[in-house]
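The data block below is query.cif; it holds mmCIF, C-alpha atoms.
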data_my_file
#
loop_
_atom_site.label_atom_id
_atom_site.label_comp_id
_atom_site.auth_asym_id
_atom_site.auth_seq_id
_atom_site.Cartn_x
_atom_site.Cartn_y
_atom_site.Cartn_z
CA ALA A 354 0.00 0.00 0.00
CA THR A 355 2.83 2.39 0.86
CA GLU A 356 4.49 1.73 -2.51
CA ARG A 357 1.24 2.54 -4.32
CA MET A 358 0.85 5.85 -2.49
CA ASN A 359 4.49 6.95 -2.72
CA THR A 360 4.91 8.46 -6.19
CA MET A 361 7.52 11.10 -5.36
CA VAL A 362 10.34 9.20 -3.66
CA LYS A 363 11.19 5.67 -4.70
CA ASN A 364 12.85 4.56 -1.45
CA THR A 365 9.83 2.89 0.14
CA LYS A 366 11.79 1.69 3.18
CA LEU A 367 13.14 5.05 4.37
CA PHE A 368 10.43 7.34 2.98
CA THR A 369 7.31 6.05 4.68
CA PRO A 370 4.56 8.03 6.45
CA LYS A 371 5.97 6.81 9.78
CA SER A 372 9.47 8.12 9.08
CA HIS A 373 8.27 11.20 7.24
CA ILE A 374 6.50 12.68 10.26
CA THR A 375 9.90 12.92 11.95
CA ASN A 376 11.05 15.36 9.24
CA PRO A 377 9.79 18.78 10.37
CA SER A 378 11.28 20.66 7.41
CA ALA A 379 8.75 19.12 5.01
CA PHE A 380 5.90 20.89 6.80
CA SER A 381 7.44 24.30 6.03
CA PHE A 382 6.03 23.88 2.49
CA VAL A 383 2.44 23.91 3.83
CA ALA A 384 0.82 27.17 2.75
CA ARG A 385 -1.13 29.12 5.33
CA THR A 386 -4.74 30.17 4.84
CA GLY A 387 -5.01 33.19 2.51
CA GLU A 388 -1.31 33.10 1.62
CA ARG A 389 -1.74 32.71 -2.13
CA GLU A 390 -3.83 35.87 -2.28
CA LEU A 391 -1.13 37.78 -0.41
CA PHE A 392 1.45 36.44 -2.86
CA GLY A 393 -0.69 37.68 -5.76
CA LYS A 394 -1.17 34.24 -7.30
CA GLU A 395 -3.75 33.69 -10.03
CA HIS A 396 -5.12 30.53 -8.43
CA VAL A 397 -5.75 31.02 -4.72
CA ASP A 398 -7.94 28.08 -3.72
CA ASN A 399 -6.08 24.87 -2.88
CA PHE A 400 -8.98 22.89 -1.42
CA TYR A 401 -12.25 21.92 -3.10
CA ASP A 402 -15.27 19.88 -2.07
CA SER A 403 -16.65 16.98 -4.11
CA GLU A 404 -18.85 19.40 -6.08
CA GLY A 405 -15.86 21.51 -7.14
CA ARG A 406 -16.56 24.39 -4.78
CA PRO A 407 -13.56 26.02 -3.05
CA ILE A 408 -13.38 25.42 0.71
CA THR A 409 -11.04 26.73 3.39
CA LYS A 410 -8.87 24.32 5.38
CA ASP A 411 -6.26 25.45 7.91
CA LEU A 412 -3.41 22.96 7.52
CA HIS A 413 -1.57 24.51 10.46
CA GLN A 414 -4.15 23.04 12.82
CA LEU A 415 -3.71 19.40 13.76
CA GLU A 416 -7.48 18.93 13.86
CA THR A 417 -7.60 19.55 10.10
CA TRP A 418 -5.18 16.70 9.43
CA LYS A 419 -7.22 14.47 11.70
CA ASN A 420 -10.55 15.34 10.09
CA LEU A 421 -9.23 14.91 6.55
CA LYS A 422 -7.38 11.69 7.49
CA ILE A 423 -4.12 12.84 5.92
CA GLY A 424 -0.52 12.42 7.05
CA MET A 425 -0.22 10.12 10.04
CA TYR A 426 -4.03 9.88 10.25
CA HIS A 427 -4.37 8.25 6.83
CA PRO A 428 -5.63 4.65 7.13
CA LEU A 429 -2.61 3.37 5.16
CA SER A 430 0.04 5.33 7.09
CA ASN A 431 0.71 2.46 9.53
CA VAL A 432 1.33 5.06 12.24
CA GLU A 433 -0.01 4.35 15.70
CA VAL A 434 -0.81 7.93 16.66
CA THR A 435 0.03 8.82 20.26
CA PRO A 436 -0.50 12.04 22.26
CA ALA A 437 3.26 12.61 21.94
CA HIS A 438 3.00 12.43 18.12
CA GLU A 439 0.18 14.97 18.16
CA GLU A 440 1.91 17.35 20.55
CA TRP A 441 5.08 17.22 18.45
CA MET A 442 3.26 17.77 15.17
CA GLN A 443 1.21 20.73 16.40
CA ALA A 444 4.42 22.34 17.68
CA VAL A 445 5.98 21.81 14.23
CA LEU A 446 2.93 23.28 12.49
CA ASP A 447 3.07 26.33 14.79
CA LYS A 448 6.73 26.93 13.91
CA CYS A 449 6.04 26.44 10.20
CA LEU A 450 3.16 28.93 10.34
CA LYS A 451 5.50 31.51 11.85
CA PHE A 452 7.99 30.79 9.05
CA ARG A 453 5.33 31.15 6.34
CA LYS A 454 4.24 34.52 7.74
CA GLY A 455 7.80 35.72 7.34
CA LEU A 456 7.76 35.00 3.60
CA ILE A 457 5.41 37.86 2.74
CA PRO A 458 7.50 40.56 1.00
CA ASP A 459 8.13 43.80 2.86
CA PRO A 460 7.40 46.75 0.53
CA GLU A 461 10.01 48.80 2.41
CA SER A 462 12.81 46.32 1.67
CA ASP A 463 15.30 46.72 -1.17
CA TYR A 464 15.47 43.21 -2.63
CA PRO A 465 18.35 42.07 -4.86
CA PRO A 466 17.62 41.36 -8.54
CA VAL A 467 15.83 38.05 -9.17
CA ALA A 468 15.79 35.96 -12.35
CA VAL A 469 13.69 32.86 -12.93
CA ILE A 470 14.03 29.70 -14.97
CA ARG A 471 11.06 27.35 -14.82
CA GLY A 472 9.63 24.33 -16.58
CA ASP A 473 6.34 24.05 -18.49
CA HIS A 474 6.47 20.27 -18.80
CA ILE A 475 3.32 18.62 -17.52
CA ASP A 476 0.08 19.13 -15.64
CA THR A 477 1.18 19.34 -11.99
CA SER A 478 -0.79 18.56 -8.83
CA PHE A 479 -2.12 21.68 -7.15
CA ALA A 480 -5.33 21.56 -5.12
CA LEU A 481 -6.76 18.75 -3.00
CA VAL A 482 -10.33 17.53 -3.24
CA GLN A 483 -12.33 16.49 -0.20
CA GLY A 484 -14.59 13.58 -1.08
CA LYS A 485 -18.22 13.20 -0.01
CA ASP A 486 -17.03 11.10 2.94
CA GLY A 487 -15.01 14.08 4.21
CA VAL A 488 -11.67 12.46 3.41
CA VAL A 489 -9.17 13.81 0.87
CA ASP A 490 -9.29 11.84 -2.38
CA PHE A 491 -5.74 12.01 -3.73
CA ASP A 492 -6.86 10.59 -7.07
CA LEU A 493 -8.90 13.75 -7.71
CA ASN A 494 -6.15 16.37 -7.26
CA THR A 495 -6.69 19.37 -9.51
CA LYS A 496 -3.75 20.19 -11.75
CA LEU A 497 -2.13 23.25 -13.30
CA ARG A 498 0.83 23.54 -15.65
CA GLY A 499 4.28 23.13 -14.15
CA ASP A 500 7.38 20.96 -14.14
CA GLY A 501 5.81 18.03 -12.30
CA ARG A 502 6.63 19.45 -8.86
CA ILE A 503 6.43 23.27 -9.07
CA LEU A 504 3.60 25.17 -10.75
CA LEU A 505 4.52 27.76 -13.36
CA GLU A 506 2.88 30.51 -11.30
CA ASP A 507 4.70 29.40 -8.14
CA ALA A 508 8.12 29.50 -9.77
CA VAL A 509 8.05 33.30 -9.92
CA PRO A 510 8.53 35.68 -6.97
CA PRO A 511 5.46 36.85 -5.03
CA LYS A 512 3.78 40.19 -5.61
CA GLY A 513 6.13 42.94 -4.54
CA ILE A 514 9.31 41.36 -5.90
CA LYS A 515 9.88 41.87 -9.61
CA ALA A 516 11.84 39.35 -11.69
CA VAL A 517 14.26 41.00 -14.11
CA LYS A 518 13.72 38.11 -16.53
CA ILE A 519 11.68 34.89 -16.63
CA VAL A 520 12.72 32.01 -18.89
CA THR A 521 10.36 29.08 -19.41
CA ASN A 522 11.60 25.81 -20.88
CA GLU A 523 9.80 22.50 -21.40
CA ARG A 524 11.85 20.42 -18.93
CA GLU A 525 10.68 18.43 -15.92
CA HIS A 526 11.63 19.44 -12.39
CA SER A 527 14.95 17.61 -12.03
CA ASP A 528 16.08 18.77 -15.48
CA VAL A 529 15.08 22.45 -15.47
CA LEU A 530 18.52 23.71 -14.41
CA ASN A 531 20.30 21.56 -17.01
CA ASP A 532 19.25 24.22 -19.52
CA LEU A 533 22.77 25.59 -19.22
CA GLU A 534 22.54 28.18 -21.97
CA ASN A 535 19.65 29.93 -20.27
CA VAL A 536 21.08 29.44 -16.78
CA ASP A 537 24.34 31.08 -17.86
CA GLY A 538 22.42 33.92 -19.52
CA LEU A 539 20.38 34.61 -16.39
CA LEU A 540 23.46 34.50 -14.14
CA GLN A 541 25.23 36.97 -16.42
CA LEU A 542 22.17 39.23 -16.34
CA LEU A 543 22.09 39.17 -12.52
CA ILE A 544 25.81 40.03 -12.36
CA GLU A 545 25.20 42.98 -14.69
CA LYS A 546 22.25 44.19 -12.60
CA LYS A 547 24.31 43.89 -9.43
CA ASP A 548 27.19 45.87 -10.98
CA GLN A 549 24.78 48.59 -12.13
CA LYS A 550 23.39 48.87 -8.62
CA GLU A 551 26.85 49.34 -7.13
#

How does the structure come out when it is put into structure tokens?
Amino acid sequence: ATERMNTMVKNTKLFTPKSHITNPSAFSFVARTGERELFGKEHVDNFYDSEGRPITKDLHQLETWKNLKIGMYHPLSNVEVTPAHEEWMQAVLDKCLKFRKGLIPDPESDYPPVAVIRGDHIDTSFALVQGKDGVVDFDLNTKLRGDGRILLEDAVPPKGIKAVKIVTNEREHSDVLNDLENVDGLLQLLIEKKDQKE
């Protein structure tokens, strides 16, 4: 069952739900409620009900994970959830929420020049769908264009930070940066921008 669910990492012995909950850094990728709007993203809803209507779910609250039966609460996780697990995970979610709040750009800050290279390779998982039984149905994920891991719209800086240039290739996630001609061109452009600033 674990092998069927694990489509991102092929090491099914080390990368299991039981071992994954001991990796707090992974939870820093969990977006907070309303964050996509603050970032100025085109698509802001990342949860839908079975009828396709957007719904709000606060993934920084342990109760949400429990109600949706995701993470260690999923029936196939093989995790025997204890009060210690829950206390640890809520503490991690609290820290990750604080981290996410710090990602919103400060309009008073003078950010360095940013250049982007991204991949338009395949439809990429984006939003989760809550089935009629109240549980997330991972087979119904909505998809947007991206490189298989990162959406095109998420590969660019948030509102408030302008990219000096955006290059889009057709490569998948692990191959995007092997586009050496464009990588070199963007690095050279950033060096020039930095020199102009000085």

Who sits within 10 Å of Phe382 (chain A), only C-alpha atoms, same chain under 2 positions skipped, as a PyMOL selection string: chain A and resi 378-380+384-385+449-450+452-453

Shell of 12 Å around Lys518 (chain A), all atoms listed in the file, local chain residues under 4 positions omitted, as a count of residues only: 18

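Residues within 12 Å of Asp532 (chain A), counting all atoms listed in the file and excluding same-chain residues fewer than 2 positions away, are Ile470, Arg471, Gly472, Val520, Thr521, Asn522, Glu523, Arg524, Glu525, His526, Ser527, Asp528, Val529, Leu530, Glu534, Asn535, Val536, Asp537, Gly538 and Leu539 of chain A.
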
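Residue nearest Asp500 (chain A), chosen from A:Leu421, A:Val482, A:Ala516, A:Ile475 and counting only C-alpha atoms: A:Ile475.
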
Which residue of A:Asn494, A:Asn531, A:Thr375, A:Thr369 approaches Ala437 (chain A) most closely, using all atoms listed in the file: A:Thr375

Closest pair table for region 465-532 of chain A residues within 8 Å of region 402-410 of chain A, all atoms listed in the file, as a tab-separated table:
residue	atom	partner	partner_atom	distance
A:Val482	CA	A:Asp402	CA	5.6
A:Gln483	CA	A:Asp402	CA	4.9
A:Gly484	CA	A:Ser403	CA	5.0
A:Lys485	CA	A:Ser403	CA	5.8

Would you save the residues of that selection, restricted to C-alpha atoms, as a CSV table (one decimal), in the coordinates of the input?
chain,number,residue,atom,x,y,z
A,482,VAL,CA,-10.3,17.5,-3.2
A,483,GLN,CA,-12.3,16.5,-0.2
A,484,GLY,CA,-14.6,13.6,-1.1
A,485,LYS,CA,-18.2,13.2,0.0

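Put simply, CA of Asp473 (chain A) is 22.7 Å away from CA of Val383 (chain A).
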
Nearby residues (all atoms listed in the file) at most 7 Å from Asn399 (chain A), same-chain spacing under 3 positions excluded, as JSON, numbers by chain: {"A": [479, 480, 481]}

Hits of the PyMOL selection byres ((chain A and resi 513) around 10) in this structure, as a count of residues only: 16
